[in-house]
Amino acid sequence: MRVIGLMSGTSVDGIDAALVEISGSIHDLTVQFLAGETYPYPSDLREKILAVCGGAALSMADFAQLDDAIATQFAQAALSIQNGQAIADLIGSHGQTVYHQPPLKKELGYSLQLGRGATIADQTGITTVSNFREADIAIGGHGAPLVPTVDAALLSHPTYSRCVQNIGGIGNVAYLPATSATQPSPMRGWDTGPGNVLLDLAVEHLSQGSRTYDQDGAWAATGEPCQALVDRWLQQDFFQQLPPKSTGREHFGQSYLQTCLIDANAYQLNPAEILATLTELTAASIAHSYRTFLPQMPDQILLCGGGSRNLCLKQRIQSRLSDIPVMTTDEAGLSADFKEAIAFAVLAYWRHRKIPGNSPETTGASKAVLLGEINYARENFRVIA
Ligand SMILES: Nc1ncnc2c1ncn2[C@@H]1O[C@H](COP(=O)(O)OP(=O)(O)OP(=O)(O)O)[C@@H](O)[C@H]1O
Ligand SMILES: CC(=O)N[C@H]1[C@@H]2OC[C@@H](O2)[C@@H](O)[C@@H]1O[C@H](C)C(=O)O
């Protein structure tokens, strides 16, 4: 089946679209990557999304308009990736997260992704699965991270245990035990903390808005990290909290950065040292969470997401985990840039095949359930029986 996966993450930089051919089910799942493209948001739409993520108030009418403006961008991405031809049978659209609240004691979590699937189905004529997180959250889960289940199906290795580390706005890990191990521990996954989000916000602030990210980590590489600050920040609750855990821009956002900048000021750090220290925090939070929460350290680490292009960050991760090879998922045959979009194509395919998509060990949900709601296209010609 030809499926399009659409994803825009916590960096809010644009929509990743992947066109894939999928067959099999879980252990025999095969995915052939046909095309991948990133479609940046128009800057006014990106600003609106970031404002809402930052807590800006919105009338319901403006909210509805934003929801469908995002859906229209997603639909256009789906049309563009097919080069104007209707070749896909199904779309899996993650949408744009604008709010994420993990479950609190007995209260259910809440996670809101805009870009409603019904509009995407209508504008593309292709049945669209959307709203993937809700079913997991309804039974006590975090609704995140969801991709580790797909990582387990596509990247598990017979003899090597692996950590697949996504470094988007937020970082998350999937621990995949070697499949031939005699007593394999279960697959695990959780959000490790900030990926690029604090770096992006800091670069924008320190460059007075002239830059949006630290390309290749070149700016951070010119400074020395302040270890004392990194050690202090790592003591914070999120980093110490046991998995299952998830987070977002609500926690690691503007006000978090402001506190970091106040701390950095107390140490009289210059801009390059601030960026080096925030880069070190991302690296250290990843290494700390492996050492603290994994049953054993992995044989290999596979990076993906935009942060895998940040050479300074990659180097910091490697030096914190010196004996474990750090590479990218490309080296294991899966696109590091489009893995998350591919994963939402797989999750849509699993929904269509009535295969549960969540992993209770990872999200904390009480059981494995079908993820996503199916929005049939108005024109029945692309509805899948
Ligand atoms: N060449 C590069 N050098 C450094 N950083 C980069 C580079 N390319 C991308 N990035 C970083 O990656 C970010 C985008 O990553 P990605 O698209 O994986 O995030 P996302 O999908 O929004 O996040 P999430 O996985 O949290 O949902 C950019 O905001 C930037 O910080
Ligand atoms: C609520 C939400 O959108 N969470 C994202 C975010 O970005 C990374 C991390 O935080 C992860 O939990 C999740 O995304 C990936 C795609 C996931 O669900 O696996």
# chains A, B, ... in the order shown; residues from 1 in each chain; ligands from 1
>>> residues_around(residues="Ala51 of chain A", least_positions_apart="3", cutoff="12 Å", atoms="only C-alpha atoms", output="list of chain:residue names")
A:Val12, A:Asp44, A:Leu45, A:Arg46, A:Glu47, A:Lys48, A:Gly54, A:Gly55, A:Ala56, A:Ala57, A:Leu58, A:Phe63, A:Leu66, A:Val98, A:Tyr99, A:Arg249, A:Glu250, A:Gly253, A:Gln254
>>> residues_near_ligand(ligand="ligand 1", cutoff="9 Å", atoms="only C-alpha atoms and all ligand atoms", output="ChimeraX atom specification")
/A:7-16,38,96-97,166-172,194-200,212-218,248,304-313,336-338,340-341
>>> write_last_selection(atoms="N, CA and C atoms", output="CSV table (one decimal), in the first residue's frame")
chain,number,residue,atom,x,y,z
A,7,MET,N,4.3,15.1,9.1
A,7,MET,CA,4.7,15.4,10.5
A,7,MET,C,5.2,16.8,10.6
A,8,SER,N,4.7,17.5,11.6
A,8,SER,CA,5.4,18.8,12.0
A,8,SER,C,5.6,18.7,13.4
A,9,GLY,N,6.8,18.9,13.9
A,9,GLY,CA,7.1,18.7,15.3
A,9,GLY,C,7.2,19.9,16.1
A,10,THR,N,7.9,19.8,17.3
A,10,THR,CA,8.0,20.9,18.2
A,10,THR,C,8.9,22.0,17.8
A,11,SER,N,9.7,21.8,16.7
A,11,SER,CA,10.5,22.9,16.2
A,11,SER,C,9.6,23.9,15.4
A,12,VAL,N,8.5,23.4,14.9
A,12,VAL,CA,7.5,24.2,14.1
A,12,VAL,C,8.3,24.8,12.9
A,13,ASP,N,9.2,24.1,12.3
A,13,ASP,CA,9.9,24.6,11.1
A,13,ASP,C,9.2,24.3,9.8
A,14,GLY,N,8.4,23.3,9.8
A,14,GLY,CA,7.8,23.0,8.5
A,14,GLY,C,7.2,21.5,8.5
A,15,ILE,N,6.6,21.2,7.4
A,15,ILE,CA,6.0,19.9,7.4
A,15,ILE,C,6.9,18.9,6.7
A,16,ASP,N,7.2,17.8,7.3
A,16,ASP,CA,8.0,16.7,6.7
A,16,ASP,C,7.0,15.8,6.1
A,38,THR,N,10.6,18.5,2.8
A,38,THR,CA,10.1,19.3,3.9
A,38,THR,C,9.5,20.6,3.3
A,96,GLN,N,0.0,19.3,13.9
A,96,GLN,CA,0.9,20.2,14.6
A,96,GLN,C,0.6,20.3,16.1
A,97,THR,N,1.5,19.8,16.9
A,97,THR,CA,1.2,19.9,18.4
A,97,THR,C,1.2,21.4,18.8
A,166,ASN,N,15.9,10.4,18.7
A,166,ASN,CA,15.4,11.5,17.9
A,166,ASN,C,15.8,12.8,18.5
A,167,ILE,N,16.3,13.8,17.8
A,167,ILE,CA,16.6,15.1,18.3
A,167,ILE,C,15.9,16.1,17.4
A,168,GLY,N,14.6,16.3,17.8
A,168,GLY,CA,13.8,17.4,17.2
A,168,GLY,C,13.8,18.6,18.1
A,169,GLY,N,12.7,19.2,18.2
A,169,GLY,CA,12.6,20.3,19.2
A,169,GLY,C,12.9,19.7,20.6
A,170,ILE,N,12.1,18.6,20.8
A,170,ILE,CA,12.3,17.8,22.0
A,170,ILE,C,13.0,16.5,21.6
A,171,GLY,N,13.8,15.9,22.5
A,171,GLY,CA,14.5,14.7,22.2
A,171,GLY,C,13.7,13.5,22.8
A,172,ASN,N,13.7,12.4,22.1
A,172,ASN,CA,13.1,11.2,22.6
A,172,ASN,C,13.9,9.9,22.2
A,194,PRO,N,15.0,18.5,26.3
A,194,PRO,CA,15.2,19.4,25.2
A,194,PRO,C,16.1,18.8,24.1
A,195,GLY,N,15.7,19.0,22.8
A,195,GLY,CA,16.5,18.6,21.7
A,195,GLY,C,17.2,19.9,21.2
A,196,ASN,N,16.5,20.5,20.2
A,196,ASN,CA,17.0,21.8,19.7
A,196,ASN,C,16.2,23.0,20.2
A,197,VAL,N,15.1,22.7,20.9
A,197,VAL,CA,14.2,23.9,21.2
A,197,VAL,C,14.9,25.0,21.9
A,198,LEU,N,15.7,24.7,22.9
A,198,LEU,CA,16.4,25.8,23.7
A,198,LEU,C,17.5,26.4,22.8
A,199,LEU,N,18.1,25.6,22.0
A,199,LEU,CA,19.2,26.1,21.1
A,199,LEU,C,18.6,27.1,20.1
A,200,ASP,N,17.5,26.7,19.5
A,200,ASP,CA,16.8,27.6,18.5
A,200,ASP,C,16.4,28.9,19.1
A,212,THR,N,17.8,31.5,13.0
A,212,THR,CA,16.8,30.7,13.7
A,212,THR,C,17.4,29.4,14.3
A,213,TYR,N,18.6,29.0,13.9
A,213,TYR,CA,19.2,27.8,14.5
A,213,TYR,C,20.7,27.9,14.3
A,214,ASP,N,21.4,27.1,15.0
A,214,ASP,CA,22.9,27.1,15.0
A,214,ASP,C,23.3,26.1,13.9
A,215,GLN,N,23.5,26.5,12.7
A,215,GLN,CA,23.8,25.6,11.6
A,215,GLN,C,25.1,24.8,11.9
A,216,ASP,N,24.9,23.5,11.8
A,216,ASP,CA,25.9,22.5,12.1
A,216,ASP,C,26.6,22.6,13.5
A,217,GLY,N,26.0,23.4,14.3
A,217,GLY,CA,26.5,23.6,15.7
A,217,GLY,C,27.8,24.5,15.7
A,218,ALA,N,27.9,25.3,14.6
A,218,ALA,CA,29.2,26.0,14.4
A,218,ALA,C,29.4,27.1,15.4
A,248,GLY,N,7.3,19.0,26.4
A,248,GLY,CA,7.1,19.8,25.2
A,248,GLY,C,7.6,21.2,25.4
A,304,CYS,N,18.6,10.7,14.8
A,304,CYS,CA,17.8,11.1,13.7
A,304,CYS,C,17.2,12.5,14.1
A,305,GLY,N,16.4,13.1,13.2
A,305,GLY,CA,15.9,14.4,13.5
A,305,GLY,C,16.9,15.5,13.1
A,306,GLY,N,16.5,16.7,13.1
A,306,GLY,CA,17.3,17.8,12.7
A,306,GLY,C,18.6,18.0,13.5
A,307,GLY,N,18.5,17.6,14.8
A,307,GLY,CA,19.7,17.7,15.7
A,307,GLY,C,20.8,16.8,15.3
A,308,SER,N,20.5,15.7,14.5
A,308,SER,CA,21.6,14.8,14.1
A,308,SER,C,22.5,15.5,13.1
A,309,ARG,N,22.1,16.7,12.6
A,309,ARG,CA,23.0,17.5,11.7
A,309,ARG,C,23.8,18.5,12.4
A,310,ASN,N,23.6,18.6,13.7
A,310,ASN,CA,24.3,19.5,14.6
A,310,ASN,C,25.6,18.8,15.0
A,311,LEU,N,26.7,19.1,14.3
A,311,LEU,CA,28.0,18.3,14.5
A,311,LEU,C,28.5,18.5,15.9
A,312,CYS,N,28.4,19.7,16.5
A,312,CYS,CA,28.8,20.0,17.8
A,312,CYS,C,28.1,19.1,18.8
A,313,LEU,N,26.7,19.1,18.6
A,313,LEU,CA,25.9,18.3,19.5
A,313,LEU,C,26.3,16.8,19.4
A,336,ALA,N,17.3,9.6,8.4
A,336,ALA,CA,17.3,10.4,9.6
A,336,ALA,C,16.4,11.6,9.5
A,337,ASP,N,16.2,12.2,8.3
A,337,ASP,CA,15.4,13.4,8.2
A,337,ASP,C,13.9,13.1,8.2
A,338,PHE,N,13.6,11.9,7.6
A,338,PHE,CA,12.2,11.6,7.4
A,338,PHE,C,11.6,10.5,8.2
A,340,GLU,N,10.4,10.3,11.3
A,340,GLU,CA,9.2,10.6,12.0
A,340,GLU,C,8.0,10.6,11.0
A,341,ALA,N,8.2,11.2,9.9
A,341,ALA,CA,7.1,11.2,8.9
A,341,ALA,C,6.8,9.8,8.4
>>> closest_residue(among="A:Cys226, A:Ala75, A:Ala343, A:Ile301", to="Leu281 of chain A", atoms="only C-alpha atoms")
A:Cys226
>>> residues_around(residues="Gly357 of chain A", least_positions_apart="5", cutoff="9 Å", atoms="only C-alpha atoms", output="PyMOL selection string")
chain A and resi 132+146-147+149-150+346-348+350-351+368-372
>>> closest_residue(among="A:Phe293, A:Phe238, A:Trp219, A:Tyr349", to="Glu373 of chain A", atoms="only C-alpha atoms")
A:Tyr349
>>> closest_residue(among="A:Asn375, A:Thr119, A:Gln65, A:Gln258", to="Ile274 of chain A", atoms="only C-alpha atoms")
A:Gln258
>>> residues_around(residues="Ala365 of chain A", least_positions_apart="6", cutoff="12 Å", atoms="only C-alpha atoms", output="MDAnalysis selection string")
chainID A and resid 102:103 108:109 133:146 244:245 357:359 371
>>> closest_residue(among="A:Leu334, A:Ile22, A:Ala121, A:Leu90", to="Thr72 of chain A", atoms="only C-alpha atoms")
A:Ala121
>>> select_by_dssp(residues="segment 94-182 of chain A", states="strand (DSSP E)", output="ChimeraX atom specification")
/A:94-101,110-114,128-130,162-167,170-176
>>> residues_around(residues="Phe74 of chain A", least_positions_apart="6", cutoff="9 Å", atoms="only C-alpha atoms", output="ChimeraX atom specification")
/A:6-7,15,17,39,93,95,115,120
>>> write_last_selection(atoms="C-alpha atoms", output="short mmCIF file (atom, residue, chain, number, x, y, z; two decimals), in the first residue's frame")
data_model
loop_
_atom_site.label_atom_id
_atom_site.label_comp_id
_atom_site.auth_asym_id
_atom_site.auth_seq_id
_atom_site.Cartn_x
_atom_site.Cartn_y
_atom_site.Cartn_z
CA LEU A 6 2.99 13.97 7.39
CA MET A 7 4.67 15.38 10.47
CA ILE A 15 5.95 19.85 7.38
CA ALA A 17 6.24 14.56 4.09
CA TYR A 39 7.66 22.12 3.20
CA SER A 93 -1.07 12.98 9.47
CA GLY A 95 -0.70 17.41 12.69
CA GLY A 115 -4.66 20.41 11.17
CA ILE A 120 -6.89 16.96 4.66
#
>>> atom_distance(atom1="atom CA of Arg2 of chain A", atom2="atom CA of Leu302 of chain A")
26.4 Å
>>> residues_around(residues="Ile324 of chain A", least_positions_apart="6", cutoff="8 Å", atoms="only C-alpha atoms", output="PyMOL selection string")
chain A and resi 298-301+318
>>> residues_around(residues="segment 283-289 of chain A", least_positions_apart="4", cutoff="9 Å", atoms="only C-alpha atoms", output="JSON, numbers by chain")
{"A": [165, 171, 172, 173, 192, 193, 194, 195, 230, 231, 234, 239, 240, 278, 279, 293, 294, 313, 314, 315, 316, 317, 318, 320, 321]}
>>> write_last_selection(atoms="C-alpha atoms", output="short mmCIF file (atom, residue, chain, number, x, y, z; two decimals), in the first residue's frame")
data_model
loop_
_atom_site.label_atom_id
_atom_site.label_comp_id
_atom_site.auth_asym_id
_atom_site.auth_seq_id
_atom_site.Cartn_x
_atom_site.Cartn_y
_atom_site.Cartn_z
CA GLN A 165 17.64 8.98 19.57
CA GLY A 171 14.46 14.66 22.23
CA ASN A 172 13.14 11.15 22.62
CA VAL A 173 14.71 7.72 22.73
CA THR A 192 14.76 12.73 27.11
CA GLY A 193 14.17 16.51 27.38
CA PRO A 194 15.21 19.42 25.16
CA GLY A 195 16.54 18.57 21.71
CA VAL A 230 24.92 21.74 33.17
CA ASP A 231 25.32 19.66 36.35
CA LEU A 234 20.43 18.18 35.28
CA PHE A 239 15.58 14.79 34.18
CA GLN A 240 15.23 12.80 37.40
CA LEU A 278 22.81 24.58 26.16
CA THR A 279 24.21 22.15 23.57
CA PHE A 293 16.88 4.48 33.17
CA LEU A 294 18.12 1.79 30.76
CA LEU A 313 25.90 18.27 19.52
CA LYS A 314 26.80 14.93 17.94
CA GLN A 315 30.38 15.30 19.16
CA ARG A 316 29.20 16.18 22.69
CA ILE A 317 26.94 13.10 22.76
CA GLN A 318 29.80 10.90 21.52
CA ARG A 320 29.67 11.66 26.94
CA LEU A 321 29.15 8.04 25.73
#
>>> atom_distance(atom1="atom 8 (C, counted along the ligand's line) of ligand 2", atom2="atom CA of Gly5 of chain A")
15.9 Å
>>> select_by_dssp(residues="segment 35-211 of chain A", states="helix (DSSP H, G or I)", output="ChimeraX atom specification")
/A:43-53,60-81,117-124,134-138,147-155,197-206
>>> atom_distance(atom1="atom 5 (C, counted along the ligand's line) of ligand 2", atom2="atom CA of Ser246 of chain A")
7.9 Å
>>> closest_residue(among="A:Thr362, A:Thr222, A:Thr179, A:Thr124", to="ligand 2", atoms="only C-alpha atoms and all ligand atoms")
A:Thr362
